[in-house]
Amino acid sequence: MDRNDIFLPRRALLGGLATLGSLALAGCHDETPPTYGNILRIGDDFTYRVQRMLLPRNALVREFDHADITSMPAIGTTNPGNAKEPAFSTEFGEAYDRLRKGAFADWRLEVTGLVARPGRFSLADLKALPARTQITRHTCEEGWSSIAEWTGAPLAALLNAAGMLPSARYVNFHAYDEIVDNIDLIDALHPQTILAYGMNGRDIPVGHGAPARVRVETQLGYKSIKFLRRIEVVEKFDDFGKVGNIQNGWSWYAGI
Amino acid sequence: MSAEPMNSQAGAASSGHALWVRIAHWLIVAVVFTLAYSGIVILMAHPRLYWGWSGNDLTRPLIELPLGPNYHHGGWEPAIAFFGDPNGPVSRARTFDIFNQNGWARSLHFLLAWLLVAALAAFAAASLITGHLRRDLAPTREELAPKALWRDVRDHLVLRITPANGGPPYGTLQKLAYLGVIFVALPVMVLTGLSMSPAVAAAWPWLPSLFGGTQSARTIHFLFLCLLALFLLAHLLMVLLSGFGRQIRAMTLGK
């Protein structure tokens, strides 16, 4: 990728205006995730709206000291390339295994959808973006939490580099374990939302999402998708049908 | 018969429970029961409690509750040290398929939590406006005098319970218990619950700090569940001893 793209002031200004515009738009024509008439999903949407209404949007989560770093269990998919794991994807599992054996040199993060410059980012491309290191708390919906140091490129920087279009409203993540999920632009452009390639001063271990995972620090751990394969910028909310959270009985918004 | 008055409200006639008090009572009962049920299901996913900001299966718990199939579950791959020191922070992959019903349990819990907040706010407002708080719930200076308070404590200890009069005036301990539940325990439940929300912790970092961290808030959330359960036991015992039918009728039909 041409790094100079993101430093052109005119483009940066246009990008900024586009972002503001889409945020304002998100405020007017309100489109919340589908509930299918399920009272629990209606409650989830209510929580989402109230938190968005009452909480300052760019408040930073607390960042801890190096001495606060704790152990961290690796749960869910711990290796998408392992055919013995229940979440093994016949479509992407073998590809992941090959990439892992090649130290992810051939890994590319596809960025598609509502961007002026769709592209494929290598790890080196991600590392060429301005990096952010943060020691933050990972909160699992199960009830536990852990503290780790994460290093990566702010998602906002990547979206900027790809030239996100004004009509963008959601960012979809596709992973090698076939997990799909999305976040709104408020979380996508949050300064602490990063595409992490480093954990505790080294490359992210496979169990924690190698070679890159998203860190959505303002939501529960299950929104921080591991083993990223593709990022897609869209206007219309997608619940991903039978493989998405909503139709599987889980809240899409996990800020609580 | 004892010459000594049994309780401060002994013999006082009651006008019964106001309609709004009865509605609020049973609404809060239903909400708190559903919250307790979903909350215990959530706790079963990870029946370990910690102090501070973090805690997980690879760190030392404060308490481990023998609750459901996840108690002391095995199923961990060997530890990988993050910084080369096996006694320092490690990562371990989980191989055990844990019990986890949090999809519905969490959403139900939060839906009911909104109802609880609404019911508590409505109750607080109504009890201020109607004078229920001042007239029926707030203990008077005389009632709080050590001698009077001690007499009420002693009456309860020997289970010398005034027969039901179908509503206020309440005894001193009774007033303190109700005030404690409505204005202390349930608000603490809401605040410790909110402390566990990552978005709330980002916006209002002072809130989890108030409880010593998010995991401490989770532990306090559980301890207050235990306190509420103790209150429920005492409350039911008093209802039984003072005349079960009469009390239930009063809280449902009025008098």
# chains A, B, ... in the order shown; residues from 1 in each chain; ligands from 1
>>> select_by_dssp(residues="segment 106-256 of chain A", states="alpha helix (DSSP H)", output="count of residues only")
18
>>> residues_around(residues="Thr136 of chain A", least_positions_apart="3", cutoff="6 Å", atoms="only C-alpha atoms", output="NGL selection string")
:A and (63 or 147-148)
>>> write_last_selection(atoms="N, CA and C atoms", output="PDB file, in the first residue's frame")
ATOM      1  N   GLU A  63      -5.932   2.208  30.682  1.00  0.00           N
ATOM      2  CA  GLU A  63      -4.732   1.486  30.256  1.00  0.00           C
ATOM      3  C   GLU A  63      -3.875   1.227  31.488  1.00  0.00           C
ATOM      4  N   ILE A 147      -5.448  -9.067  31.642  1.00  0.00           N
ATOM      5  CA  ILE A 147      -4.820  -7.826  31.194  1.00  0.00           C
ATOM      6  C   ILE A 147      -3.607  -8.191  30.340  1.00  0.00           C
ATOM      7  N   ALA A 148      -3.538  -7.598  29.150  1.00  0.00           N
ATOM      8  CA  ALA A 148      -2.414  -7.891  28.253  1.00  0.00           C
ATOM      9  C   ALA A 148      -2.039  -6.629  27.486  1.00  0.00           C
TER      10      ALA A 148
END
>>> closest_residue(among="A:Glu94, A:Asp125, A:Glu110, A:Glu141", to="chain B", atoms="only C-alpha atoms")
A:Glu141
>>> residues_around(residues="Glu143 of chain B", least_positions_apart="2", cutoff="12 Å", atoms="only C-alpha atoms", output="PDB file with C-alpha atoms, in the first residue's frame")
ATOM      1  CA  ASN B   7     -43.019  -3.939  69.500  1.00  0.00           C
ATOM      2  CA  SER B   8     -43.227  -0.250  68.821  1.00  0.00           C
ATOM      3  CA  GLN B   9     -46.146  -0.766  66.462  1.00  0.00           C
ATOM      4  CA  LEU B 137     -40.046   3.915  56.368  1.00  0.00           C
ATOM      5  CA  ALA B 138     -37.790   6.425  58.136  1.00  0.00           C
ATOM      6  CA  PRO B 139     -37.223   5.443  61.779  1.00  0.00           C
ATOM      7  CA  THR B 140     -37.889   8.210  64.281  1.00  0.00           C
ATOM      8  CA  ARG B 141     -35.226   9.514  66.663  1.00  0.00           C
ATOM      9  CA  ALA B 145     -32.431   5.372  70.699  1.00  0.00           C
ATOM     10  CA  PRO B 146     -30.153   2.505  71.839  1.00  0.00           C
ATOM     11  CA  LYS B 147     -32.628   1.239  74.435  1.00  0.00           C
ATOM     12  CA  ALA B 148     -35.579   1.107  72.056  1.00  0.00           C
ATOM     13  CA  LEU B 149     -33.470  -0.405  69.300  1.00  0.00           C
ATOM     14  CA  TRP B 150     -32.111  -3.060  71.661  1.00  0.00           C
ATOM     15  CA  ARG B 151     -35.639  -3.954  72.747  1.00  0.00           C
ATOM     16  CA  ASP B 152     -36.633  -4.507  69.096  1.00  0.00           C
ATOM     17  CA  VAL B 153     -33.519  -6.605  68.466  1.00  0.00           C
ATOM     18  CA  TYR B 170     -43.543  -0.909  60.812  1.00  0.00           C
ATOM     19  CA  GLY B 171     -41.115  -1.883  63.573  1.00  0.00           C
ATOM     20  CA  THR B 172     -37.674  -0.295  63.706  1.00  0.00           C
ATOM     21  CA  LEU B 173     -35.681  -3.270  62.404  1.00  0.00           C
ATOM     22  CA  GLN B 174     -38.368  -3.790  59.810  1.00  0.00           C
ATOM     23  CA  LYS B 175     -37.958  -0.194  58.618  1.00  0.00           C
ATOM     24  CA  LEU B 176     -34.169  -0.495  58.557  1.00  0.00           C
TER      25      LEU B 176
END
>>> interface_residues(of="chain B", to="chain A", cutoff="8 Å", atoms="only C-alpha atoms", output="number ranges by chain")
B: 42-43, 45-46, 53-59, 82-83, 88-95, 100, 102-104, 107-108, 110-111, 194, 196-203, 205, 215
>>> select_by_dssp(residues="segment 167-249 of chain A", states="strand (DSSP E or B)", output="PyMOL selection string")
chain A and resi 170-175+180-184+194-199+202-203+213-215+228-234
>>> closest_residue(among="A:Arg169, A:Lys101, A:His174, A:Arg215", to="Ala153 of chain A", atoms="only C-alpha atoms")
A:Arg215
>>> atom_distance(atom1="atom CA of Ala164 of chain B", atom2="atom CA of Leu133 of chain B")
20.3 Å
>>> decode(residues="segment 107-152 of chain B", atoms="N, CA and C atoms", output="mmCIF file, in the first residue's frame")
data_model
loop_
_atom_site.group_PDB
_atom_site.id
_atom_site.type_symbol
_atom_site.label_atom_id
_atom_site.label_comp_id
_atom_site.auth_asym_id
_atom_site.auth_seq_id
_atom_site.Cartn_x
_atom_site.Cartn_y
_atom_site.Cartn_z
ATOM 1 N N SER B 107 -28.648 -11.542 28.339
ATOM 2 C CA SER B 107 -29.623 -10.613 27.758
ATOM 3 C C SER B 107 -30.858 -10.481 28.651
ATOM 4 N N LEU B 108 -31.286 -11.618 29.226
ATOM 5 C CA LEU B 108 -32.432 -11.582 30.148
ATOM 6 C C LEU B 108 -32.071 -10.756 31.387
ATOM 7 N N HIS B 109 -30.860 -10.965 31.887
ATOM 8 C CA HIS B 109 -30.391 -10.269 33.082
ATOM 9 C C HIS B 109 -30.415 -8.751 32.856
ATOM 10 N N PHE B 110 -29.913 -8.322 31.699
ATOM 11 C CA PHE B 110 -29.834 -6.879 31.441
ATOM 12 C C PHE B 110 -31.209 -6.285 31.163
ATOM 13 N N LEU B 111 -32.060 -7.047 30.492
ATOM 14 C CA LEU B 111 -33.429 -6.578 30.240
ATOM 15 C C LEU B 111 -34.130 -6.334 31.583
ATOM 16 N N LEU B 112 -33.996 -7.301 32.496
ATOM 17 C CA LEU B 112 -34.621 -7.179 33.808
ATOM 18 C C LEU B 112 -33.950 -6.085 34.631
ATOM 19 N N ALA B 113 -32.645 -5.882 34.395
ATOM 20 C CA ALA B 113 -31.932 -4.833 35.135
ATOM 21 C C ALA B 113 -32.511 -3.460 34.791
ATOM 22 N N TRP B 114 -32.881 -3.268 33.504
ATOM 23 C CA TRP B 114 -33.520 -1.999 33.129
ATOM 24 C C TRP B 114 -34.828 -1.832 33.887
ATOM 25 N N LEU B 115 -35.604 -2.914 33.986
ATOM 26 C CA LEU B 115 -36.881 -2.869 34.714
ATOM 27 C C LEU B 115 -36.647 -2.549 36.188
ATOM 28 N N LEU B 116 -35.596 -3.140 36.753
ATOM 29 C CA LEU B 116 -35.289 -2.904 38.167
ATOM 30 C C LEU B 116 -34.949 -1.429 38.387
ATOM 31 N N VAL B 117 -34.131 -0.874 37.500
ATOM 32 C CA VAL B 117 -33.760 0.540 37.621
ATOM 33 C C VAL B 117 -35.026 1.401 37.562
ATOM 34 N N ALA B 118 -35.910 1.089 36.608
ATOM 35 C CA ALA B 118 -37.153 1.856 36.460
ATOM 36 C C ALA B 118 -38.011 1.707 37.714
ATOM 37 N N ALA B 119 -38.142 0.470 38.222
ATOM 38 C CA ALA B 119 -38.985 0.230 39.392
ATOM 39 C C ALA B 119 -38.415 0.914 40.630
ATOM 40 N N LEU B 120 -37.100 0.864 40.795
ATOM 41 C CA LEU B 120 -36.471 1.508 41.958
ATOM 42 C C LEU B 120 -36.643 3.016 41.894
ATOM 43 N N ALA B 121 -36.450 3.584 40.696
ATOM 44 C CA ALA B 121 -36.596 5.033 40.529
ATOM 45 C C ALA B 121 -38.036 5.441 40.826
ATOM 46 N N ALA B 122 -38.993 4.654 40.307
ATOM 47 C CA ALA B 122 -40.407 4.968 40.530
ATOM 48 C C ALA B 122 -40.742 4.854 42.016
ATOM 49 N N PHE B 123 -40.209 3.809 42.661
ATOM 50 C CA PHE B 123 -40.492 3.612 44.080
ATOM 51 C C PHE B 123 -39.913 4.761 44.908
ATOM 52 N N ALA B 124 -38.672 5.151 44.592
ATOM 53 C CA ALA B 124 -38.035 6.239 45.335
ATOM 54 C C ALA B 124 -38.841 7.526 45.175
ATOM 55 N N ALA B 125 -39.245 7.831 43.937
ATOM 56 C CA ALA B 125 -40.007 9.053 43.667
ATOM 57 C C ALA B 125 -41.348 9.012 44.396
ATOM 58 N N ALA B 126 -42.065 7.882 44.259
ATOM 59 C CA ALA B 126 -43.403 7.781 44.861
ATOM 60 C C ALA B 126 -43.319 7.831 46.383
ATOM 61 N N SER B 127 -42.301 7.199 46.959
ATOM 62 C CA SER B 127 -42.238 7.184 48.422
ATOM 63 C C SER B 127 -41.874 8.566 48.969
ATOM 64 N N LEU B 128 -41.169 9.362 48.158
ATOM 65 C CA LEU B 128 -40.886 10.746 48.568
ATOM 66 C C LEU B 128 -42.140 11.594 48.458
ATOM 67 N N ILE B 129 -42.826 11.498 47.304
ATOM 68 C CA ILE B 129 -43.977 12.360 47.016
ATOM 69 C C ILE B 129 -45.142 12.060 47.948
ATOM 70 N N THR B 130 -45.417 10.761 48.160
ATOM 71 C CA THR B 130 -46.590 10.412 48.976
ATOM 72 C C THR B 130 -46.308 10.495 50.477
ATOM 73 N N GLY B 131 -45.040 10.666 50.844
ATOM 74 C CA GLY B 131 -44.716 10.716 52.263
ATOM 75 C C GLY B 131 -44.512 9.336 52.876
ATOM 76 N N HIS B 132 -44.579 8.268 52.033
ATOM 77 C CA HIS B 132 -44.379 6.890 52.501
ATOM 78 C C HIS B 132 -43.010 6.757 53.169
ATOM 79 N N LEU B 133 -42.008 7.420 52.558
ATOM 80 C CA LEU B 133 -40.642 7.345 53.087
ATOM 81 C C LEU B 133 -40.578 7.964 54.480
ATOM 82 N N ARG B 134 -41.098 9.179 54.612
ATOM 83 C CA ARG B 134 -41.013 9.926 55.865
ATOM 84 C C ARG B 134 -41.926 9.301 56.922
ATOM 85 N N ARG B 135 -43.145 8.957 56.505
ATOM 86 C CA ARG B 135 -44.167 8.502 57.444
ATOM 87 C C ARG B 135 -43.942 7.043 57.885
ATOM 88 N N ASP B 136 -43.667 6.163 56.894
ATOM 89 C CA ASP B 136 -43.676 4.726 57.196
ATOM 90 C C ASP B 136 -42.301 4.078 57.266
ATOM 91 N N LEU B 137 -41.323 4.624 56.502
ATOM 92 C CA LEU B 137 -40.046 3.915 56.368
ATOM 93 C C LEU B 137 -38.930 4.492 57.243
ATOM 94 N N ALA B 138 -38.889 5.823 57.370
ATOM 95 C CA ALA B 138 -37.790 6.425 58.136
ATOM 96 C C ALA B 138 -38.026 6.209 59.630
ATOM 97 N N PRO B 139 -37.051 5.623 60.340
ATOM 98 C CA PRO B 139 -37.223 5.443 61.779
ATOM 99 C C PRO B 139 -37.165 6.804 62.475
ATOM 100 N N THR B 140 -37.931 6.947 63.530
ATOM 101 C CA THR B 140 -37.889 8.210 64.281
ATOM 102 C C THR B 140 -36.674 8.199 65.205
ATOM 103 N N ARG B 141 -36.365 9.390 65.744
ATOM 104 C CA ARG B 141 -35.226 9.514 66.663
ATOM 105 C C ARG B 141 -35.430 8.606 67.887
ATOM 106 N N GLU B 142 -36.684 8.563 68.373
ATOM 107 C CA GLU B 142 -36.969 7.739 69.562
ATOM 108 C C GLU B 142 -36.731 6.254 69.261
ATOM 109 N N GLU B 143 -37.142 5.848 68.036
ATOM 110 C CA GLU B 143 -36.989 4.431 67.681
ATOM 111 C C GLU B 143 -35.518 4.036 67.585
ATOM 112 N N LEU B 144 -34.667 5.027 67.217
ATOM 113 C CA LEU B 144 -33.250 4.723 67.039
ATOM 114 C C LEU B 144 -32.461 4.853 68.339
ATOM 115 N N ALA B 145 -33.117 5.285 69.416
ATOM 116 C CA ALA B 145 -32.431 5.372 70.699
ATOM 117 C C ALA B 145 -31.972 3.966 71.074
ATOM 118 N N PRO B 146 -30.731 3.834 71.593
ATOM 119 C CA PRO B 146 -30.153 2.505 71.839
ATOM 120 C C PRO B 146 -31.093 1.570 72.597
ATOM 121 N N LYS B 147 -31.782 2.102 73.613
ATOM 122 C CA LYS B 147 -32.628 1.239 74.435
ATOM 123 C C LYS B 147 -33.792 0.655 73.634
ATOM 124 N N ALA B 148 -34.433 1.533 72.865
ATOM 125 C CA ALA B 148 -35.579 1.107 72.056
ATOM 126 C C ALA B 148 -35.137 0.132 70.977
ATOM 127 N N LEU B 149 -33.996 0.447 70.367
ATOM 128 C CA LEU B 149 -33.470 -0.405 69.300
ATOM 129 C C LEU B 149 -33.131 -1.784 69.848
ATOM 130 N N TRP B 150 -32.505 -1.801 71.026
ATOM 131 C CA TRP B 150 -32.111 -3.060 71.661
ATOM 132 C C TRP B 150 -33.333 -3.904 71.979
ATOM 133 N N ARG B 151 -34.434 -3.220 72.416
ATOM 134 C CA ARG B 151 -35.639 -3.954 72.747
ATOM 135 C C ARG B 151 -36.186 -4.646 71.493
ATOM 136 N N ASP B 152 -36.129 -3.926 70.352
ATOM 137 C CA ASP B 152 -36.633 -4.507 69.096
ATOM 138 C C ASP B 152 -35.764 -5.687 68.651
#
